[in-house]
Amino acid sequence: MLAALEHLALEAKSLDSACAFYAGELDLDVVAESDRELSFSAGETTLVVRRPDGVPRGGLHTHFAFSIPADEYDDWWDRLSAERDLEEHTFGSASSLYCYDPAGNCVELGQSDVAGPGIDGIFEVVLEVEGLDRALAFYEALGFSVVDRGAKRRRVRLSGPMDLELWEPHLGLADARGGVHVDLGFTAPDVDAAVEAIRGRACRIGRDGERAVVRDPDGHYLTIAPEEEG
């Protein structure tokens, strides 16, 4: 039902510090800027870093994962470990490194089947939710499907335009937390169908031209745009 992750927005008090990290250390290109926000190109997804002076705000302490080509992993480790404390975890044959940006978001760089060079997409975002059952019903209605559940029912992993993890409040790998009031943007082949699927489950549904602007049951923002805009 949803086609692609169009954007992920994070909150930061200092855009200069955010730019130093994402452009300076992670080599992301700045594609738009204003007094309130910076936008970086991360493959097909735009990463937005936004000051907390309006609505929607960006996400706080959000854990998310960038895709990098598998054969670049050691170079990224050597480069980032020179200045930062990194943590490593392995999932099957793929490894991921974890670090924190200046605003306290847990940033993962994971080996993926992408062309690169460098960061080429966002493959995972983690949202904090009050209750898994309610949040799961909402995102399943949008076409996400369950691929893994935590043994203690504190988390569930969903597959969709990217991997979406829903966490009840707890600390995960690298002491990461799920994000609060995260702003996610998606494209969809049929915006009206996506809206109808979650009508009655969303806290609020509005319109900005052809785009739907939705608040999920835990206060996260979802923008759903026609696929041809993405």
# chains A, B, ... in the order shown; residues from 1 in each chain; ligands from 1
call {"tool": "residues_around", "arguments": {"residues": "segment 126-142 of chain A", "least_positions_apart": "5", "cutoff": "6 Å", "atoms": "only C-alpha atoms", "output": "PyMOL selection string"}}
result
chain A and resi 1+63+164-168+178-180+197+218
call {"tool": "select_by_dssp", "arguments": {"residues": "segment 106-190 of chain A", "states": "strand (DSSP E)", "output": "number ranges by chain"}}
result
A: 106-112, 122-128, 145-149, 155-159, 163-167, 183-188
call {"tool": "residues_around", "arguments": {"residues": "Gly110 of chain A", "least_positions_apart": "6", "cutoff": "9 Å", "atoms": "only C-alpha atoms", "output": "PyMOL selection string"}}
result
chain A and resi 65-70+73+94-98+123
call {"tool": "write_last_selection", "arguments": {"atoms": "all heavy atoms", "output": "compact mmCIF listing (two decimals), in the first residue's frame"}}
result
# COMPACT_ATOMS: atom_id res chain seq x y z
N ALA A 65 18.61 3.26 10.60
CA ALA A 65 19.76 2.58 9.99
C ALA A 65 19.94 3.00 8.54
O ALA A 65 19.00 2.96 7.74
CB ALA A 65 19.56 1.07 10.07
N PHE A 66 21.16 3.41 8.21
CA PHE A 66 21.56 3.68 6.84
C PHE A 66 22.08 2.41 6.18
O PHE A 66 22.76 1.59 6.83
CB PHE A 66 22.70 4.71 6.80
CG PHE A 66 22.31 6.13 7.11
CD1 PHE A 66 22.94 6.82 8.13
CD2 PHE A 66 21.36 6.79 6.34
CE1 PHE A 66 22.62 8.15 8.41
CE2 PHE A 66 21.04 8.12 6.60
CZ PHE A 66 21.67 8.79 7.64
N SER A 67 21.83 2.27 4.89
CA SER A 67 22.42 1.20 4.09
C SER A 67 23.77 1.66 3.54
O SER A 67 23.89 2.76 3.00
CB SER A 67 21.51 0.83 2.92
OG SER A 67 20.27 0.35 3.35
N ILE A 68 24.77 0.78 3.66
CA ILE A 68 26.06 1.01 3.01
C ILE A 68 26.45 -0.26 2.26
O ILE A 68 26.05 -1.36 2.65
CB ILE A 68 27.17 1.39 4.02
CG1 ILE A 68 27.33 0.31 5.09
CG2 ILE A 68 26.91 2.76 4.63
CD1 ILE A 68 28.56 0.51 5.98
N PRO A 69 27.22 -0.14 1.17
CA PRO A 69 27.69 -1.33 0.48
C PRO A 69 28.52 -2.21 1.43
O PRO A 69 29.31 -1.71 2.24
CB PRO A 69 28.56 -0.78 -0.65
CG PRO A 69 28.03 0.61 -0.88
CD PRO A 69 27.64 1.10 0.48
N ALA A 70 28.33 -3.51 1.32
CA ALA A 70 28.99 -4.43 2.26
C ALA A 70 30.50 -4.26 2.26
O ALA A 70 31.15 -4.33 3.32
CB ALA A 70 28.60 -5.87 1.92
N TYR A 73 32.25 -1.52 4.57
CA TYR A 73 32.04 -1.51 6.02
C TYR A 73 33.33 -1.25 6.78
O TYR A 73 33.35 -0.41 7.70
CB TYR A 73 31.44 -2.86 6.45
CG TYR A 73 31.16 -2.94 7.94
CD1 TYR A 73 30.00 -2.39 8.47
CD2 TYR A 73 32.06 -3.54 8.81
CE1 TYR A 73 29.73 -2.45 9.82
CE2 TYR A 73 31.80 -3.61 10.16
CZ TYR A 73 30.64 -3.07 10.67
OH TYR A 73 30.39 -3.12 12.01
N ALA A 94 25.73 -10.22 7.88
CA ALA A 94 25.87 -8.77 7.75
C ALA A 94 26.20 -8.14 9.10
O ALA A 94 25.65 -8.53 10.14
CB ALA A 94 24.60 -8.15 7.19
N SER A 95 27.07 -7.16 9.08
CA SER A 95 27.45 -6.43 10.29
C SER A 95 26.95 -5.00 10.23
O SER A 95 26.78 -4.43 9.15
CB SER A 95 28.98 -6.43 10.47
OG SER A 95 29.47 -7.73 10.69
N SER A 96 26.73 -4.43 11.41
CA SER A 96 26.31 -3.04 11.53
C SER A 96 27.15 -2.36 12.60
O SER A 96 27.49 -2.97 13.62
CB SER A 96 24.83 -2.93 11.93
OG SER A 96 23.97 -3.25 10.86
N LEU A 97 27.48 -1.10 12.36
CA LEU A 97 28.11 -0.28 13.38
C LEU A 97 27.11 0.74 13.88
O LEU A 97 26.23 1.18 13.13
CB LEU A 97 29.39 0.38 12.86
CG LEU A 97 29.30 1.43 11.75
CD1 LEU A 97 28.99 2.82 12.29
CD2 LEU A 97 30.61 1.47 10.97
N TYR A 98 27.23 1.10 15.14
CA TYR A 98 26.30 2.01 15.80
C TYR A 98 27.09 3.16 16.42
O TYR A 98 28.12 2.95 17.06
CB TYR A 98 25.53 1.31 16.92
CG TYR A 98 24.63 0.19 16.48
CD1 TYR A 98 25.15 -1.03 16.04
CD2 TYR A 98 23.24 0.32 16.52
CE1 TYR A 98 24.31 -2.07 15.66
CE2 TYR A 98 22.40 -0.71 16.13
CZ TYR A 98 22.95 -1.90 15.70
OH TYR A 98 22.13 -2.93 15.32
N PHE A 123 17.22 1.82 5.75
CA PHE A 123 16.52 0.55 5.69
C PHE A 123 15.76 0.21 6.97
O PHE A 123 15.04 -0.80 7.01
CB PHE A 123 17.48 -0.60 5.34
CG PHE A 123 18.46 -1.00 6.41
CD1 PHE A 123 18.12 -1.89 7.41
CD2 PHE A 123 19.76 -0.51 6.38
CE1 PHE A 123 19.04 -2.28 8.38
CE2 PHE A 123 20.69 -0.88 7.34
CZ PHE A 123 20.33 -1.77 8.34
call {"tool": "residues_around", "arguments": {"residues": "Asp16 of chain A", "least_positions_apart": "5", "cutoff": "12 Å", "atoms": "only C-alpha atoms", "output": "ChimeraX atom specification"}}
result
/A:21-24,33-38,49-51,102-103
call {"tool": "write_last_selection", "arguments": {"atoms": "N, CA, C and O atoms", "output": "PDB file, in the first residue's frame"}}
result
ATOM      1  N   PHE A  21      28.065  16.599  11.372  1.00  0.00           N
ATOM      2  CA  PHE A  21      28.021  15.139  11.470  1.00  0.00           C
ATOM      3  C   PHE A  21      27.561  14.507  10.154  1.00  0.00           C
ATOM      4  O   PHE A  21      28.251  13.656   9.587  1.00  0.00           O
ATOM      5  N   TYR A  22      26.400  14.905   9.668  1.00  0.00           N
ATOM      6  CA  TYR A  22      25.823  14.211   8.522  1.00  0.00           C
ATOM      7  C   TYR A  22      26.517  14.551   7.208  1.00  0.00           C
ATOM      8  O   TYR A  22      26.683  13.671   6.343  1.00  0.00           O
ATOM      9  N   ALA A  23      26.902  15.803   7.026  1.00  0.00           N
ATOM     10  CA  ALA A  23      27.626  16.170   5.808  1.00  0.00           C
ATOM     11  C   ALA A  23      29.120  15.944   5.973  1.00  0.00           C
ATOM     12  O   ALA A  23      29.771  15.390   5.080  1.00  0.00           O
ATOM     13  N   GLY A  24      29.667  16.372   7.132  1.00  0.00           N
ATOM     14  CA  GLY A  24      31.106  16.286   7.333  1.00  0.00           C
ATOM     15  C   GLY A  24      31.617  14.879   7.565  1.00  0.00           C
ATOM     16  O   GLY A  24      32.603  14.450   6.953  1.00  0.00           O
ATOM     17  N   GLU A  33      18.135  23.872   2.514  1.00  0.00           N
ATOM     18  CA  GLU A  33      18.401  24.419   3.841  1.00  0.00           C
ATOM     19  C   GLU A  33      17.601  25.690   4.053  1.00  0.00           C
ATOM     20  O   GLU A  33      17.286  26.423   3.124  1.00  0.00           O
ATOM     21  N   SER A  34      17.274  25.916   5.320  1.00  0.00           N
ATOM     22  CA  SER A  34      16.587  27.129   5.745  1.00  0.00           C
ATOM     23  C   SER A  34      17.015  27.400   7.173  1.00  0.00           C
ATOM     24  O   SER A  34      17.830  26.669   7.745  1.00  0.00           O
ATOM     25  N   ASP A  35      16.460  28.463   7.766  1.00  0.00           N
ATOM     26  CA  ASP A  35      16.789  28.753   9.161  1.00  0.00           C
ATOM     27  C   ASP A  35      16.281  27.666  10.097  1.00  0.00           C
ATOM     28  O   ASP A  35      16.794  27.517  11.201  1.00  0.00           O
ATOM     29  N   ARG A  36      15.271  26.926   9.657  1.00  0.00           N
ATOM     30  CA  ARG A  36      14.658  25.920  10.529  1.00  0.00           C
ATOM     31  C   ARG A  36      15.165  24.506  10.282  1.00  0.00           C
ATOM     32  O   ARG A  36      15.212  23.691  11.209  1.00  0.00           O
ATOM     33  N   GLU A  37      15.551  24.151   9.055  1.00  0.00           N
ATOM     34  CA  GLU A  37      15.883  22.766   8.795  1.00  0.00           C
ATOM     35  C   GLU A  37      16.904  22.608   7.690  1.00  0.00           C
ATOM     36  O   GLU A  37      17.086  23.482   6.843  1.00  0.00           O
ATOM     37  N   LEU A  38      17.566  21.451   7.740  1.00  0.00           N
ATOM     38  CA  LEU A  38      18.482  21.010   6.703  1.00  0.00           C
ATOM     39  C   LEU A  38      17.961  19.704   6.136  1.00  0.00           C
ATOM     40  O   LEU A  38      17.444  18.861   6.877  1.00  0.00           O
ATOM     41  N   VAL A  49      16.738  17.358   9.163  1.00  0.00           N
ATOM     42  CA  VAL A  49      17.074  17.704  10.550  1.00  0.00           C
ATOM     43  C   VAL A  49      16.474  19.072  10.818  1.00  0.00           C
ATOM     44  O   VAL A  49      16.751  20.038  10.094  1.00  0.00           O
ATOM     45  N   ARG A  50      15.670  19.158  11.865  1.00  0.00           N
ATOM     46  CA  ARG A  50      14.779  20.310  12.045  1.00  0.00           C
ATOM     47  C   ARG A  50      14.898  20.882  13.451  1.00  0.00           C
ATOM     48  O   ARG A  50      14.965  20.141  14.441  1.00  0.00           O
ATOM     49  N   ARG A  51      14.950  22.195  13.553  1.00  0.00           N
ATOM     50  CA  ARG A  51      14.939  22.832  14.868  1.00  0.00           C
ATOM     51  C   ARG A  51      13.542  22.729  15.493  1.00  0.00           C
ATOM     52  O   ARG A  51      12.536  22.720  14.785  1.00  0.00           O
ATOM     53  N   PRO A 102      25.012  14.222  17.154  1.00  0.00           N
ATOM     54  CA  PRO A 102      25.106  15.232  18.212  1.00  0.00           C
ATOM     55  C   PRO A 102      23.808  15.476  18.969  1.00  0.00           C
ATOM     56  O   PRO A 102      23.837  16.010  20.079  1.00  0.00           O
ATOM     57  N   ALA A 103      22.664  15.086  18.401  1.00  0.00           N
ATOM     58  CA  ALA A 103      21.372  15.284  19.067  1.00  0.00           C
ATOM     59  C   ALA A 103      20.915  14.058  19.846  1.00  0.00           C
ATOM     60  O   ALA A 103      19.826  14.058  20.407  1.00  0.00           O
TER      61      ALA A 103
END
call {"tool": "select_by_dssp", "arguments": {"residues": "segment 39-112 of chain A", "states": "helix (DSSP H, G or I)", "output": "ChimeraX atom specification"}}
result
/A:70-81
call {"tool": "write_last_selection", "arguments": {"atoms": "C-alpha atoms", "output": "PDB file, in the first residue's frame"}}
result
ATOM      1  CA  ALA A  70      28.988  -4.427   2.262  1.00  0.00           C
ATOM      2  CA  ASP A  71      32.546  -3.967   1.011  1.00  0.00           C
ATOM      3  CA  GLU A  72      32.743  -0.428   2.450  1.00  0.00           C
ATOM      4  CA  TYR A  73      32.037  -1.514   6.016  1.00  0.00           C
ATOM      5  CA  ASP A  74      35.663  -1.751   7.205  1.00  0.00           C
ATOM      6  CA  ASP A  75      36.490   1.649   5.726  1.00  0.00           C
ATOM      7  CA  TRP A  76      33.527   3.230   7.541  1.00  0.00           C
ATOM      8  CA  TRP A  77      34.550   1.547  10.795  1.00  0.00           C
ATOM      9  CA  ASP A  78      38.132   2.821  10.529  1.00  0.00           C
ATOM     10  CA  ARG A  79      36.982   6.294   9.611  1.00  0.00           C
ATOM     11  CA  LEU A  80      34.364   6.770  12.341  1.00  0.00           C
ATOM     12  CA  SER A  81      36.193   4.925  15.129  1.00  0.00           C
TER      13      SER A  81
END
call {"tool": "residues_around", "arguments": {"residues": "Gly160 of chain A", "least_positions_apart": "2", "cutoff": "9 Å", "atoms": "only C-alpha atoms", "output": "MDAnalysis selection string"}}
result
chainID A and resid 1:4 142:145 158 162:164
call {"tool": "write_last_selection", "arguments": {"atoms": "all heavy atoms", "output": "PDB file, in the first residue's frame"}}
result
ATOM      1  N   MET A   1       0.823  -1.212   0.000  1.00  0.00           N
ATOM      2  CA  MET A   1       0.000   0.000   0.000  1.00  0.00           C
ATOM      3  C   MET A   1       0.857   1.262   0.000  1.00  0.00           C
ATOM      4  O   MET A   1       0.529   2.247  -0.640  1.00  0.00           O
ATOM      5  CB  MET A   1      -0.932  -0.003   1.206  1.00  0.00           C
ATOM      6  CG  MET A   1      -1.886   1.152   1.262  1.00  0.00           C
ATOM      7  SD  MET A   1      -3.168   0.941   2.506  1.00  0.00           S
ATOM      8  CE  MET A   1      -4.130  -0.371   1.772  1.00  0.00           C
ATOM      9  N   LEU A   2       1.994   1.225   0.731  1.00  0.00           N
ATOM     10  CA  LEU A   2       2.961   2.323   0.693  1.00  0.00           C
ATOM     11  C   LEU A   2       4.121   1.912  -0.195  1.00  0.00           C
ATOM     12  O   LEU A   2       4.577   0.766  -0.146  1.00  0.00           O
ATOM     13  CB  LEU A   2       3.464   2.650   2.107  1.00  0.00           C
ATOM     14  CG  LEU A   2       2.397   3.068   3.117  1.00  0.00           C
ATOM     15  CD1 LEU A   2       3.039   3.322   4.479  1.00  0.00           C
ATOM     16  CD2 LEU A   2       1.634   4.302   2.657  1.00  0.00           C
ATOM     17  N   ALA A   3       4.623   2.846  -0.992  1.00  0.00           N
ATOM     18  CA  ALA A   3       5.618   2.490  -2.004  1.00  0.00           C
ATOM     19  C   ALA A   3       7.059   2.686  -1.535  1.00  0.00           C
ATOM     20  O   ALA A   3       7.916   1.846  -1.796  1.00  0.00           O
ATOM     21  CB  ALA A   3       5.367   3.307  -3.273  1.00  0.00           C
ATOM     22  N   ALA A   4       7.350   3.806  -0.883  1.00  0.00           N
ATOM     23  CA  ALA A   4       8.733   4.129  -0.532  1.00  0.00           C
ATOM     24  C   ALA A   4       8.762   5.079   0.651  1.00  0.00           C
ATOM     25  O   ALA A   4       7.797   5.808   0.907  1.00  0.00           O
ATOM     26  CB  ALA A   4       9.456   4.752  -1.723  1.00  0.00           C
ATOM     27  N   LEU A 142      -1.700  -0.378   6.954  1.00  0.00           N
ATOM     28  CA  LEU A 142      -0.994   0.333   5.882  1.00  0.00           C
ATOM     29  C   LEU A 142      -0.159  -0.613   5.020  1.00  0.00           C
ATOM     30  O   LEU A 142       0.560  -0.155   4.121  1.00  0.00           O
ATOM     31  CB  LEU A 142      -0.092   1.419   6.472  1.00  0.00           C
ATOM     32  CG  LEU A 142      -0.806   2.687   6.941  1.00  0.00           C
ATOM     33  CD1 LEU A 142       0.158   3.593   7.690  1.00  0.00           C
ATOM     34  CD2 LEU A 142      -1.452   3.430   5.786  1.00  0.00           C
ATOM     35  N   GLY A 143      -0.224  -1.904   5.290  1.00  0.00           N
ATOM     36  CA  GLY A 143       0.449  -2.878   4.437  1.00  0.00           C
ATOM     37  C   GLY A 143       1.738  -3.444   4.985  1.00  0.00           C
ATOM     38  O   GLY A 143       2.362  -4.297   4.338  1.00  0.00           O
ATOM     39  N   PHE A 144       2.179  -3.003   6.161  1.00  0.00           N
ATOM     40  CA  PHE A 144       3.364  -3.611   6.766  1.00  0.00           C
ATOM     41  C   PHE A 144       3.016  -5.017   7.261  1.00  0.00           C
ATOM     42  O   PHE A 144       1.877  -5.284   7.666  1.00  0.00           O
ATOM     43  CB  PHE A 144       3.859  -2.772   7.947  1.00  0.00           C
ATOM     44  CG  PHE A 144       4.565  -1.500   7.552  1.00  0.00           C
ATOM     45  CD1 PHE A 144       3.849  -0.334   7.339  1.00  0.00           C
ATOM     46  CD2 PHE A 144       5.940  -1.473   7.401  1.00  0.00           C
ATOM     47  CE1 PHE A 144       4.492   0.844   6.979  1.00  0.00           C
ATOM     48  CE2 PHE A 144       6.598  -0.301   7.043  1.00  0.00           C
ATOM     49  CZ  PHE A 144       5.870   0.861   6.835  1.00  0.00           C
ATOM     50  N   SER A 145       4.022  -5.908   7.270  1.00  0.00           N
ATOM     51  CA  SER A 145       3.797  -7.276   7.737  1.00  0.00           C
ATOM     52  C   SER A 145       4.856  -7.659   8.761  1.00  0.00           C
ATOM     53  O   SER A 145       6.023  -7.250   8.674  1.00  0.00           O
ATOM     54  CB  SER A 145       3.820  -8.261   6.570  1.00  0.00           C
ATOM     55  OG  SER A 145       5.036  -8.194   5.855  1.00  0.00           O
ATOM     56  N   LEU A 158       8.583  -5.083  11.464  1.00  0.00           N
ATOM     57  CA  LEU A 158       7.675  -5.139  10.330  1.00  0.00           C
ATOM     58  C   LEU A 158       8.439  -4.879   9.039  1.00  0.00           C
ATOM     59  O   LEU A 158       9.411  -4.110   9.014  1.00  0.00           O
ATOM     60  CB  LEU A 158       6.573  -4.085  10.478  1.00  0.00           C
ATOM     61  CG  LEU A 158       5.735  -4.113  11.751  1.00  0.00           C
ATOM     62  CD1 LEU A 158       4.837  -2.888  11.811  1.00  0.00           C
ATOM     63  CD2 LEU A 158       4.904  -5.375  11.805  1.00  0.00           C
ATOM     64  N   MET A 162      10.383   0.072   4.102  1.00  0.00           N
ATOM     65  CA  MET A 162      11.633  -0.181   4.807  1.00  0.00           C
ATOM     66  C   MET A 162      11.236  -1.037   6.002  1.00  0.00           C
ATOM     67  O   MET A 162      10.068  -1.316   6.226  1.00  0.00           O
ATOM     68  CB  MET A 162      12.322   1.135   5.235  1.00  0.00           C
ATOM     69  CG  MET A 162      11.766   1.793   6.456  1.00  0.00           C
ATOM     70  SD  MET A 162      10.028   2.316   6.339  1.00  0.00           S
ATOM     71  CE  MET A 162       9.904   3.191   7.914  1.00  0.00           C
ATOM     72  N   ASP A 163      12.196  -1.489   6.786  1.00  0.00           N
ATOM     73  CA  ASP A 163      11.879  -2.216   8.009  1.00  0.00           C
ATOM     74  C   ASP A 163      11.487  -1.210   9.083  1.00  0.00           C
ATOM     75  O   ASP A 163      12.192  -0.211   9.305  1.00  0.00           O
ATOM     76  CB  ASP A 163      13.070  -3.042   8.485  1.00  0.00           C
ATOM     77  CG  ASP A 163      13.308  -4.254   7.596  1.00  0.00           C
ATOM     78  OD1 ASP A 163      12.374  -4.659   6.878  1.00  0.00           O
ATOM     79  OD2 ASP A 163      14.425  -4.802   7.619  1.00  0.00           O
ATOM     80  N   LEU A 164      10.370  -1.470   9.729  1.00  0.00           N
ATOM     81  CA  LEU A 164       9.866  -0.607  10.784  1.00  0.00           C
ATOM     82  C   LEU A 164       9.822  -1.415  12.070  1.00  0.00           C
ATOM     83  O   LEU A 164       9.236  -2.502  12.105  1.00  0.00           O
ATOM     84  CB  LEU A 164       8.467  -0.112  10.434  1.00  0.00           C
ATOM     85  CG  LEU A 164       7.789   0.822  11.438  1.00  0.00           C
ATOM     86  CD1 LEU A 164       8.504   2.174  11.485  1.00  0.00           C
ATOM     87  CD2 LEU A 164       6.326   1.009  11.085  1.00  0.00           C
TER      88      LEU A 164
END
call {"tool": "atom_distance", "arguments": {"atom1": "atom CA of Glu196 of chain A", "atom2": "atom CA of Pro217 of chain A"}}
result
15.5 Å
call {"tool": "residues_around", "arguments": {"residues": "Pro226 of chain A", "least_positions_apart": "4", "cutoff": "10 Å", "atoms": "only C-alpha atoms", "output": "NGL selection string"}}
result
:A and (2-3 or 186-192 or 210-212 or 230)
call {"tool": "write_last_selection", "arguments": {"atoms": "C-alpha atoms", "output": "PDB file, in the first residue's frame"}}
result
ATOM      1  CA  LEU A   2       2.961   2.323   0.693  1.00  0.00           C
ATOM      2  CA  ALA A   3       5.618   2.490  -2.004  1.00  0.00           C
ATOM      3  CA  PHE A 186       5.908   7.903   2.411  1.00  0.00           C
ATOM      4  CA  THR A 187       4.761   7.693  -1.161  1.00  0.00           C
ATOM      5  CA  ALA A 188       1.803   5.551  -2.199  1.00  0.00           C
ATOM      6  CA  PRO A 189       0.194   4.617  -5.512  1.00  0.00           C
ATOM      7  CA  ASP A 190      -3.233   5.468  -4.055  1.00  0.00           C
ATOM      8  CA  VAL A 191      -3.259   8.016  -1.227  1.00  0.00           C
ATOM      9  CA  ASP A 192      -7.029   7.789  -0.752  1.00  0.00           C
ATOM     10  CA  GLU A 210      -2.709  15.823  -2.711  1.00  0.00           C
ATOM     11  CA  ARG A 211      -0.801  14.690   0.368  1.00  0.00           C
ATOM     12  CA  ALA A 212      -2.400  13.156   3.429  1.00  0.00           C
ATOM     13  CA  GLY A 230       8.559  10.667  -4.707  1.00  0.00           C
TER      14      GLY A 230
END
